[in-house]
$ cat run.pdb   # PDB, C-alpha atoms
ATOM      1  CA  MET A1288      40.959  19.223 -51.768
ATOM      2  CA  LYS A1289      44.365  20.483 -52.857
ATOM      3  CA  LYS A1290      44.795  21.981 -49.384
ATOM      4  CA  ILE A1291      44.063  18.602 -47.796
ATOM      5  CA  TYR A1292      46.488  16.936 -50.194
ATOM      6  CA  ASP A1293      49.229  19.382 -49.200
ATOM      7  CA  LEU A1294      48.544  18.771 -45.482
ATOM      8  CA  LEU A1295      48.745  15.009 -45.908
ATOM      9  CA  ARG A1296      51.868  15.214 -48.017
ATOM     10  CA  ARG A1297      53.623  17.331 -45.384
ATOM     11  CA  GLU A1298      52.476  14.993 -42.619
ATOM     12  CA  LEU A1299      53.249  11.657 -44.274
ATOM     13  CA  GLY A1300      55.651  12.289 -47.135
ATOM     14  CA  PRO A1301      55.385  10.674 -50.586
ATOM     15  CA  ARG A1302      53.845   7.189 -50.682
ATOM     16  CA  HIS A1303      54.693   5.891 -54.213
ATOM     17  CA  TRP A1304      51.683   3.577 -54.183
ATOM     18  CA  TRP A1305      50.708   0.950 -55.692
ATOM     19  CA  PRO A1306      53.533  -1.568 -55.106
ATOM     20  CA  ALA A1307      53.513  -3.981 -58.059
ATOM     21  CA  ASP A1308      55.820  -5.276 -60.767
ATOM     22  CA  THR A1309      53.197  -5.445 -63.526
ATOM     23  CA  ALA A1310      49.797  -4.017 -64.383
ATOM     24  CA  PHE A1311      48.236  -7.468 -64.030
ATOM     25  CA  GLU A1312      49.626  -7.725 -60.504
ATOM     26  CA  VAL A1313      47.738  -4.515 -59.706
ATOM     27  CA  VAL A1314      44.545  -6.079 -61.058
ATOM     28  CA  ILE A1315      45.002  -9.150 -58.863
ATOM     29  CA  GLY A1316      45.849  -7.020 -55.836
ATOM     30  CA  ALA A1317      42.756  -4.886 -56.361
ATOM     31  CA  VAL A1318      40.544  -7.975 -56.162
ATOM     32  CA  LEU A1319      42.378  -9.556 -53.242
ATOM     33  CA  THR A1320      42.301  -6.400 -51.115
ATOM     34  CA  GLN A1321      38.520  -6.467 -50.916
ATOM     35  CA  GLN A1322      37.513  -6.803 -47.240
ATOM     36  CA  THR A1323      41.015  -7.460 -45.928
ATOM     37  CA  ARG A1324      44.230  -5.723 -44.898
ATOM     38  CA  TRP A1325      46.984  -5.020 -47.400
ATOM     39  CA  GLU A1326      49.440  -7.133 -45.386
ATOM     40  CA  ASN A1327      47.319 -10.188 -46.202
ATOM     41  CA  VAL A1328      47.280  -9.242 -49.871
ATOM     42  CA  GLU A1329      51.077  -8.994 -49.894
ATOM     43  CA  GLN A1330      51.329 -12.543 -48.554
ATOM     44  CA  ALA A1331      48.904 -13.839 -51.168
ATOM     45  CA  ILE A1332      50.752 -12.016 -53.949
ATOM     46  CA  LYS A1333      54.013 -13.581 -52.731
ATOM     47  CA  ASN A1334      52.377 -17.011 -52.764
ATOM     48  CA  LEU A1335      51.203 -16.490 -56.344
ATOM     49  CA  LYS A1336      54.637 -15.245 -57.418
ATOM     50  CA  ASP A1337      56.347 -18.223 -55.811
ATOM     51  CA  HIS A1338      54.140 -20.466 -57.946
ATOM     52  CA  SER A1339      54.639 -18.358 -61.121
ATOM     53  CA  LEU A1340      50.938 -17.558 -61.303
ATOM     54  CA  LEU A1341      50.962 -13.780 -61.732
ATOM     55  CA  GLU A1342      50.223 -13.937 -65.429
ATOM     56  CA  ALA A1343      46.712 -14.095 -66.830
ATOM     57  CA  ASP A1344      47.358 -17.219 -68.896
ATOM     58  CA  PHE A1345      48.758 -19.257 -66.002
ATOM     59  CA  LEU A1346      46.318 -17.991 -63.371
ATOM     60  CA  SER A1347      43.331 -18.746 -65.589
ATOM     61  CA  LYS A1348      44.362 -22.411 -65.815
ATOM     62  CA  VAL A1349      45.361 -23.151 -62.221
ATOM     63  CA  LYS A1350      43.194 -25.578 -60.277
ATOM     64  CA  THR A1351      40.656 -23.732 -58.153
ATOM     65  CA  GLU A1352      41.591 -25.693 -55.018
ATOM     66  CA  GLU A1353      45.260 -24.755 -55.403
ATOM     67  CA  LEU A1354      44.388 -21.095 -55.919
ATOM     68  CA  GLU A1355      42.145 -21.098 -52.848
ATOM     69  CA  GLY A1356      45.014 -22.351 -50.743
ATOM     70  CA  LEU A1357      47.395 -19.673 -52.012
ATOM     71  CA  ILE A1358      45.013 -16.794 -51.266
ATOM     72  CA  ARG A1359      43.371 -18.188 -48.124
ATOM     73  CA  CYS A1360      45.094 -15.491 -46.018
ATOM     74  CA  THR A1361      42.977 -12.758 -47.637
ATOM     75  CA  GLY A1362      39.644 -14.155 -46.437
ATOM     76  CA  PHE A1363      36.619 -15.015 -48.604
ATOM     77  CA  TYR A1364      39.117 -17.132 -50.512
ATOM     78  CA  ARG A1365      36.619 -19.323 -52.357
ATOM     79  CA  GLN A1366      34.754 -16.320 -53.696
ATOM     80  CA  LYS A1367      37.966 -14.497 -54.560
ATOM     81  CA  ALA A1368      39.446 -17.557 -56.270
ATOM     82  CA  MET A1369      36.502 -17.754 -58.657
ATOM     83  CA  ARG A1370      36.701 -14.031 -59.324
ATOM     84  CA  LEU A1371      40.425 -14.225 -59.999
ATOM     85  CA  LYS A1372      40.003 -17.101 -62.429
ATOM     86  CA  ASN A1373      37.227 -15.316 -64.308
ATOM     87  CA  ILE A1374      39.189 -12.062 -64.454
ATOM     88  CA  SER A1375      42.315 -13.918 -65.560
ATOM     89  CA  ILE A1376      40.417 -15.583 -68.388
ATOM     90  CA  PHE A1377      39.030 -12.210 -69.441
ATOM     91  CA  PHE A1378      42.446 -10.502 -69.391
ATOM     92  CA  HIS A1379      44.049 -13.406 -71.226
ATOM     93  CA  GLU A1380      41.409 -13.179 -73.955
ATOM     94  CA  ASN A1381      41.595  -9.356 -74.035
ATOM     95  CA  PRO A1382      45.312  -8.533 -73.653
ATOM     96  CA  ASP A1383      44.859  -4.918 -74.780
ATOM     97  CA  ILE A1384      41.977  -4.149 -72.410
ATOM     98  CA  LEU A1385      43.931  -1.612 -70.334
ATOM     99  CA  GLU A1386      44.561   0.505 -73.420
ATOM    100  CA  LYS A1387      40.891   1.447 -73.741
ATOM    101  CA  PRO A1388      39.748   4.958 -72.689
ATOM    102  CA  ALA A1389      39.133   5.347 -68.965
ATOM    103  CA  GLY A1390      35.335   5.538 -69.149
ATOM    104  CA  GLU A1391      35.001   2.566 -71.486
ATOM    105  CA  LEU A1392      37.478   0.512 -69.459
ATOM    106  CA  ARG A1393      35.650   1.301 -66.242
ATOM    107  CA  ASN A1394      32.290   0.187 -67.675
ATOM    108  CA  ILE A1395      33.791  -3.063 -68.948
ATOM    109  CA  LEU A1396      35.378  -3.807 -65.586
ATOM    110  CA  LEU A1397      32.115  -3.111 -63.770
ATOM    111  CA  SER A1398      30.410  -5.711 -65.947
ATOM    112  CA  LEU A1399      32.710  -8.430 -64.578
ATOM    113  CA  ASP A1400      31.649 -10.507 -61.576
ATOM    114  CA  GLY A1401      33.015  -9.190 -58.307
ATOM    115  CA  ILE A1402      34.210  -5.842 -59.648
ATOM    116  CA  GLY A1403      32.609  -2.829 -57.965
ATOM    117  CA  ASN A1404      33.346   0.869 -58.176
ATOM    118  CA  GLU A1405      36.413   0.920 -55.928
ATOM    119  CA  THR A1406      38.032  -2.128 -57.522
ATOM    120  CA  ALA A1407      37.315  -0.889 -61.048
ATOM    121  CA  ASP A1408      38.718   2.564 -60.332
ATOM    122  CA  SER A1409      41.800   1.093 -58.662
ATOM    123  CA  ILE A1410      42.479  -0.873 -61.838
ATOM    124  CA  VAL A1411      41.817   2.142 -64.084
ATOM    125  CA  LEU A1412      44.113   4.396 -62.052
ATOM    126  CA  TYR A1413      46.925   2.101 -60.936
ATOM    127  CA  ALA A1414      47.019  -0.583 -63.643
ATOM    128  CA  ALA A1415      45.964   1.415 -66.715
ATOM    129  CA  ASP A1416      47.436   4.771 -65.574
ATOM    130  CA  LYS A1417      44.257   6.625 -66.430
ATOM    131  CA  PRO A1418      42.670   9.404 -64.334
ATOM    132  CA  LYS A1419      39.912   8.087 -62.077
ATOM    133  CA  PHE A1420      39.903   8.986 -58.389
ATOM    134  CA  VAL A1421      39.444   6.007 -56.076
ATOM    135  CA  ILE A1422      36.979   6.363 -53.217
ATOM    136  CA  ASP A1423      37.503   3.906 -50.386
ATOM    137  CA  ALA A1424      36.217   3.562 -46.819
ATOM    138  CA  TYR A1425      38.860   5.910 -45.408
ATOM    139  CA  THR A1426      38.021   8.543 -48.012
ATOM    140  CA  LYS A1427      34.339   8.350 -47.089
ATOM    141  CA  ARG A1428      35.130   8.611 -43.386
ATOM    142  CA  ILE A1429      37.449  11.591 -43.802
ATOM    143  CA  CYS A1430      34.994  13.366 -46.086
ATOM    144  CA  LYS A1431      32.208  12.887 -43.570
ATOM    145  CA  CYS A1432      34.398  14.343 -40.810
ATOM    146  CA  ILE A1433      35.057  17.495 -42.841
ATOM    147  CA  GLY A1434      31.399  17.891 -43.761
ATOM    148  CA  ILE A1435      31.238  16.294 -47.211
ATOM    149  CA  GLU A1436      28.755  13.457 -47.584
ATOM    150  CA  GLY A1437      27.380  11.566 -50.530
ATOM    151  CA  ASP A1438      27.498   8.289 -52.409
ATOM    152  CA  TYR A1439      30.512   6.977 -54.295
ATOM    153  CA  GLY A1440      29.802   8.966 -57.430
ATOM    154  CA  LYS A1441      29.251  12.250 -55.632
ATOM    155  CA  LEU A1442      32.455  11.979 -53.601
ATOM    156  CA  GLN A1443      34.423  11.021 -56.679
ATOM    157  CA  SER A1444      33.012  14.048 -58.475
ATOM    158  CA  VAL A1445      34.057  16.319 -55.591
ATOM    159  CA  PHE A1446      37.662  15.149 -55.845
ATOM    160  CA  GLU A1447      37.866  15.132 -59.634
ATOM    161  CA  SER A1448      36.276  18.571 -59.993
ATOM    162  CA  SER A1449      38.574  20.060 -57.336
ATOM    163  CA  LEU A1450      41.861  18.723 -58.683
ATOM    164  CA  PRO A1451      43.826  18.895 -61.926
ATOM    165  CA  VAL A1452      43.337  15.825 -64.128
ATOM    166  CA  ASP A1453      46.615  14.217 -63.157
ATOM    167  CA  VAL A1454      47.189  10.479 -62.788
ATOM    168  CA  SER A1455      50.210  10.897 -60.510
ATOM    169  CA  LEU A1456      48.321  13.306 -58.261
ATOM    170  CA  TYR A1457      45.311  10.993 -58.031
ATOM    171  CA  LYS A1458      47.549   8.052 -57.131
ATOM    172  CA  GLU A1459      49.484   9.954 -54.505
ATOM    173  CA  PHE A1460      46.406  11.578 -52.955
ATOM    174  CA  HIS A1461      44.567   8.283 -52.633
ATOM    175  CA  ALA A1462      47.654   6.617 -51.151
ATOM    176  CA  LEU A1463      48.029   9.446 -48.631
ATOM    177  CA  ILE A1464      44.387   9.112 -47.593
ATOM    178  CA  VAL A1465      44.795   5.368 -47.055
ATOM    179  CA  GLU A1466      47.941   5.806 -44.962
ATOM    180  CA  TYR A1467      46.414   8.649 -42.951
ATOM    181  CA  GLY A1468      43.277   6.603 -42.396
ATOM    182  CA  LYS A1469      45.324   3.684 -41.100
ATOM    183  CA  GLN A1470      47.357   5.856 -38.739
ATOM    184  CA  PHE A1471      44.560   8.103 -37.451
ATOM    185  CA  CYS A1472      41.036   6.921 -38.319
ATOM    186  CA  GLY A1473      41.796   3.242 -37.840
ATOM    187  CA  LYS A1474      43.328   3.915 -34.439
ATOM    188  CA  LYS A1475      40.588   6.412 -33.469
ATOM    189  CA  ARG A1476      43.100   9.244 -33.038
ATOM    190  CA  CYS A1477      40.386  11.817 -33.724
ATOM    191  CA  CYS A1478      41.841  14.310 -31.232
ATOM    192  CA  ASP A1479      45.087  14.361 -33.222
ATOM    193  CA  CYS A1480      43.411  14.836 -36.619
ATOM    194  CA  ILE A1481      44.987  17.601 -38.710
ATOM    195  CA  LEU A1482      42.216  17.597 -41.300
ATOM    196  CA  VAL A1483      38.949  18.423 -39.596
ATOM    197  CA  GLU A1484      39.362  22.156 -38.992
ATOM    198  CA  ASN A1485      41.508  22.654 -42.090
ATOM    199  CA  GLY A1486      39.076  20.727 -44.253
ATOM    200  CA  LYS A1487      36.142  22.869 -43.150
ATOM    201  CA  THR A1488      37.860  26.199 -43.768
TER     202      THR A1488
END
$ encode --input "run.pdb" --output "structure tokens"
Amino acid sequence: MKKIYDLLRRELGPRHWWPADTAFEVVIGAVLTQQTRWENVEQAIKNLKDHSLLEADFLSKVKTEELEGLIRCTGFYRQKAMRLKNISIFFHENPDILEKPAGELRNILLSLDGIGNETADSIVLYAADKPKFVIDAYTKRICKCIGIEGDYGKLQSVFESSLPVDVSLYKEFHALIVEYGKQFCGKKRCCDCILVENGKT
């Protein structure tokens, strides 16, 4: 995995992901990015900022109809609006939640409505700055192409057991995978892939 990381870093350069001003903004972004492109999330985040709603207290109290309108661009906006309100209430009532140990935090997040493995791990890694490798659709696709298959937990274990426990490394590696996936996998540039042969050696 370190070899793949080095290849991606040379190909794409540093990514410095996740773009956010606060940890709570990361939480909101992690929910909004479900089943949509990041460009749509950026627009929704801007809408929320323009209305001073990127704080748990304010977001938890906004009218659902208003929130739906602000995040409509991300798709599934009714479902996401309810999830955002519930998560905002939870974070407002538990302001120190991100200080919990990674495993405990992850389990708590998974107990919340609408939070699955990828969203929970994104929050643990990018909002709480704790080591948990995020497995997304691009990661699964790339792993399959280099001969590594398995469910979310197995793939996560492969990455975490192959790399130093390093929050910055996890962040950068995941960001590189996402960018590479967008540029190559998403555009079906399989013939140009620099990972397949290298990943299998």
$ closest_residue --input "run.pdb" --among "A:Val1314, A:Leu1335, A:Pro1301, A:Cys1477" --to "A:Ile1429" --atoms "all atoms listed in the file"
A:Cys1477
$ closest_residue --input "run.pdb" --among "A:Ala1407, A:Lys1475, A:Glu1466, A:Leu1482" --to "A:Gly1300" --atoms "all atoms listed in the file"
A:Glu1466
$ resolve_selection --input "run.pdb" --expression "the PyMOL selection byres ((chain A and resi 1431-1435) around 12)" --output "ChimeraX atom specification"
/A:1288,1291,1424-1430,1436-1439,1441-1446,1468,1472,1477,1480-1488
$ closest_residue --input "run.pdb" --among "A:Ile1384, A:Ile1332, A:Ala1389, A:Leu1295" --to "A:Ala1307" --atoms "all atoms listed in the file"
A:Ile1332
$ closest_atom_pairs --input "run.pdb" --of "stretch 1399-1479 of chain A" --to "stretch 1363-1370 of chain A" --cutoff "10 Å" --atoms "all atoms listed in the file" --output "Markdown table"
| residue | atom | partner | partner_atom | distance |
| --- | --- | --- | --- | --- |
| A:Leu1399 | CA | A:Arg1370 | CA | 8.7 |
| A:Asp1400 | CA | A:Arg1370 | CA | 6.6 |
| A:Gly1401 | CA | A:Arg1370 | CA | 6.2 |
| A:Ile1402 | CA | A:Arg1370 | CA | 8.6 |
$ closest_atom_pairs --input "run.pdb" --of "stretch 1304-1374 of chain A" --to "stretch 1449-1464 of chain A" --cutoff "12 Å" --atoms "all atoms listed in the file" --output "JSON lines"
{"residue": "A:Trp1304", "atom": "CA", "partner": "A:Ala1462", "partner_atom": "CA", "distance": 5.9}
{"residue": "A:Trp1305", "atom": "CA", "partner": "A:Ala1462", "partner_atom": "CA", "distance": 7.9}
{"residue": "A:Pro1306", "atom": "CA", "partner": "A:Ala1462", "partner_atom": "CA", "distance": 10.8}
$ write_last_selection --input "run.pdb" --atoms "C-alpha atoms" --output "PDB file, in the coordinates of the input"
ATOM      1  CA  TRP A1304      51.683   3.577 -54.183  1.00  0.00           C
ATOM      2  CA  TRP A1305      50.708   0.950 -55.692  1.00  0.00           C
ATOM      3  CA  PRO A1306      53.533  -1.568 -55.106  1.00  0.00           C
TER       4      PRO A1306
END
$ closest_residue --input "run.pdb" --among "A:Ile1315, A:Asn1327, A:Gly1403, A:Asp1383" --to "A:Leu1371" --atoms "only C-alpha atoms"
A:Ile1315
$ closest_residue --input "run.pdb" --among "A:Ile1374, A:Val1328, A:Arg1359, A:Thr1320" --to "A:Asp1344" --atoms "all atoms listed in the file"
A:Ile1374
$ closest_residue --input "run.pdb" --among "A:Arg1324, A:Lys1474, A:Lys1372, A:Arg1296" --to "A:Glu1342" --atoms "all atoms listed in the file"
A:Lys1372
$ residues_near_point --input "run.pdb" --point "(47.5, -4.5, -59.5)" --cutoff "10 Å" --atoms "all atoms listed in the file" --output "PyMOL selection string"
chain A and resi 1305-1319+1332+1406+1409-1415
$ atom_distance --input "run.pdb" --atom1 "atom CA of A:Ala1343" --atom2 "atom CA of A:His1379"
5.2 Å
$ atom_distance --input "run.pdb" --atom1 "atom CA of A:Tyr1467" --atom2 "atom CA of A:Gln1322"
18.3 Å
$ residues_around --input "run.pdb" --residues "A:Gly1390" --least-positions-apart "3" --cutoff "9 Å" --atoms "all atoms listed in the file" --output "NGL selection string"
:A and (1387 or 1393-1395 or 1411 or 1419)
$ atom_distance --input "run.pdb" --atom1 "atom CA of A:Asp1479" --atom2 "atom CA of A:Asp1423"
21.5 Å
$ residues_around --input "run.pdb" --residues "A:Lys1350" --least-positions-apart "2" --cutoff "12 Å" --atoms "all atoms listed in the file" --output "count of residues only"
15
$ axis_aligned_box --input "run.pdb" --around "stretch 1308-1327 of chain A" --padding-each-side "4 Å" --output "JSON"
{"center_x": 46.7, "center_y": -7.1, "center_z": -54.6, "size_x": 26.3, "size_y": 14.2, "size_z": 27.5}
$ build_atoms --input "run.pdb" --residues "stretch 1386-1416 of chain A" --atoms "N, CA and C atoms" --output "compact mmCIF listing (two decimals), in the coordinates of the input"
# COMPACT_ATOMS: atom_id res chain seq x y z
N GLU A 1386 44.29 -0.61 -72.51
CA GLU A 1386 44.56 0.50 -73.42
C GLU A 1386 43.29 1.27 -73.79
N LYS A 1387 42.14 0.77 -73.42
CA LYS A 1387 40.89 1.45 -73.74
C LYS A 1387 40.76 2.74 -72.95
N PRO A 1388 39.97 3.71 -73.44
CA PRO A 1388 39.75 4.96 -72.69
C PRO A 1388 39.20 4.68 -71.30
N ALA A 1389 39.47 5.57 -70.38
CA ALA A 1389 39.13 5.35 -68.96
C ALA A 1389 37.67 5.01 -68.75
N GLY A 1390 36.76 5.77 -69.35
CA GLY A 1390 35.34 5.54 -69.15
C GLY A 1390 34.88 4.19 -69.69
N GLU A 1391 35.36 3.85 -70.89
CA GLU A 1391 35.00 2.57 -71.49
C GLU A 1391 35.58 1.41 -70.68
N LEU A 1392 36.84 1.55 -70.26
CA LEU A 1392 37.48 0.51 -69.46
C LEU A 1392 36.73 0.31 -68.15
N ARG A 1393 36.36 1.39 -67.52
CA ARG A 1393 35.65 1.30 -66.24
C ARG A 1393 34.33 0.54 -66.40
N ASN A 1394 33.58 0.85 -67.44
CA ASN A 1394 32.29 0.19 -67.68
C ASN A 1394 32.47 -1.31 -67.93
N ILE A 1395 33.52 -1.65 -68.67
CA ILE A 1395 33.79 -3.06 -68.95
C ILE A 1395 34.13 -3.79 -67.66
N LEU A 1396 34.99 -3.18 -66.85
CA LEU A 1396 35.38 -3.81 -65.59
C LEU A 1396 34.17 -4.00 -64.67
N LEU A 1397 33.29 -3.02 -64.63
CA LEU A 1397 32.12 -3.11 -63.77
C LEU A 1397 31.16 -4.22 -64.21
N SER A 1398 31.28 -4.63 -65.45
CA SER A 1398 30.41 -5.71 -65.95
C SER A 1398 30.92 -7.09 -65.53
N LEU A 1399 32.14 -7.15 -64.99
CA LEU A 1399 32.71 -8.43 -64.58
C LEU A 1399 32.27 -8.78 -63.16
N ASP A 1400 32.10 -10.05 -62.90
CA ASP A 1400 31.65 -10.51 -61.58
C ASP A 1400 32.66 -10.13 -60.50
N GLY A 1401 32.17 -9.52 -59.44
CA GLY A 1401 33.02 -9.19 -58.31
C GLY A 1401 33.77 -7.89 -58.41
N ILE A 1402 33.53 -7.13 -59.47
CA ILE A 1402 34.21 -5.84 -59.65
C ILE A 1402 33.21 -4.72 -59.39
N GLY A 1403 33.43 -3.98 -58.29
CA GLY A 1403 32.61 -2.83 -57.96
C GLY A 1403 33.35 -1.54 -58.28
N ASN A 1404 32.78 -0.44 -57.85
CA ASN A 1404 33.35 0.87 -58.18
C ASN A 1404 34.80 1.03 -57.72
N GLU A 1405 35.06 0.71 -56.46
CA GLU A 1405 36.41 0.92 -55.93
C GLU A 1405 37.44 0.05 -56.64
N THR A 1406 37.10 -1.22 -56.85
CA THR A 1406 38.03 -2.13 -57.52
C THR A 1406 38.26 -1.69 -58.97
N ALA A 1407 37.19 -1.33 -59.66
CA ALA A 1407 37.32 -0.89 -61.05
C ALA A 1407 38.19 0.36 -61.15
N ASP A 1408 37.95 1.32 -60.27
CA ASP A 1408 38.72 2.56 -60.33
C ASP A 1408 40.17 2.36 -59.94
N SER A 1409 40.42 1.43 -59.02
CA SER A 1409 41.80 1.09 -58.66
C SER A 1409 42.54 0.54 -59.87
N ILE A 1410 41.87 -0.30 -60.64
CA ILE A 1410 42.48 -0.87 -61.84
C ILE A 1410 42.70 0.20 -62.90
N VAL A 1411 41.70 1.06 -63.10
CA VAL A 1411 41.82 2.14 -64.08
C VAL A 1411 42.99 3.05 -63.73
N LEU A 1412 43.08 3.44 -62.47
CA LEU A 1412 44.11 4.40 -62.05
C LEU A 1412 45.50 3.77 -61.97
N TYR A 1413 45.60 2.65 -61.25
CA TYR A 1413 46.92 2.10 -60.94
C TYR A 1413 47.45 1.10 -61.97
N ALA A 1414 46.56 0.39 -62.64
CA ALA A 1414 47.02 -0.58 -63.64
C ALA A 1414 47.06 0.03 -65.04
N ALA A 1415 46.04 0.83 -65.37
CA ALA A 1415 45.96 1.42 -66.72
C ALA A 1415 46.56 2.83 -66.78
N ASP A 1416 46.88 3.40 -65.62
CA ASP A 1416 47.44 4.77 -65.57
C ASP A 1416 46.52 5.79 -66.24
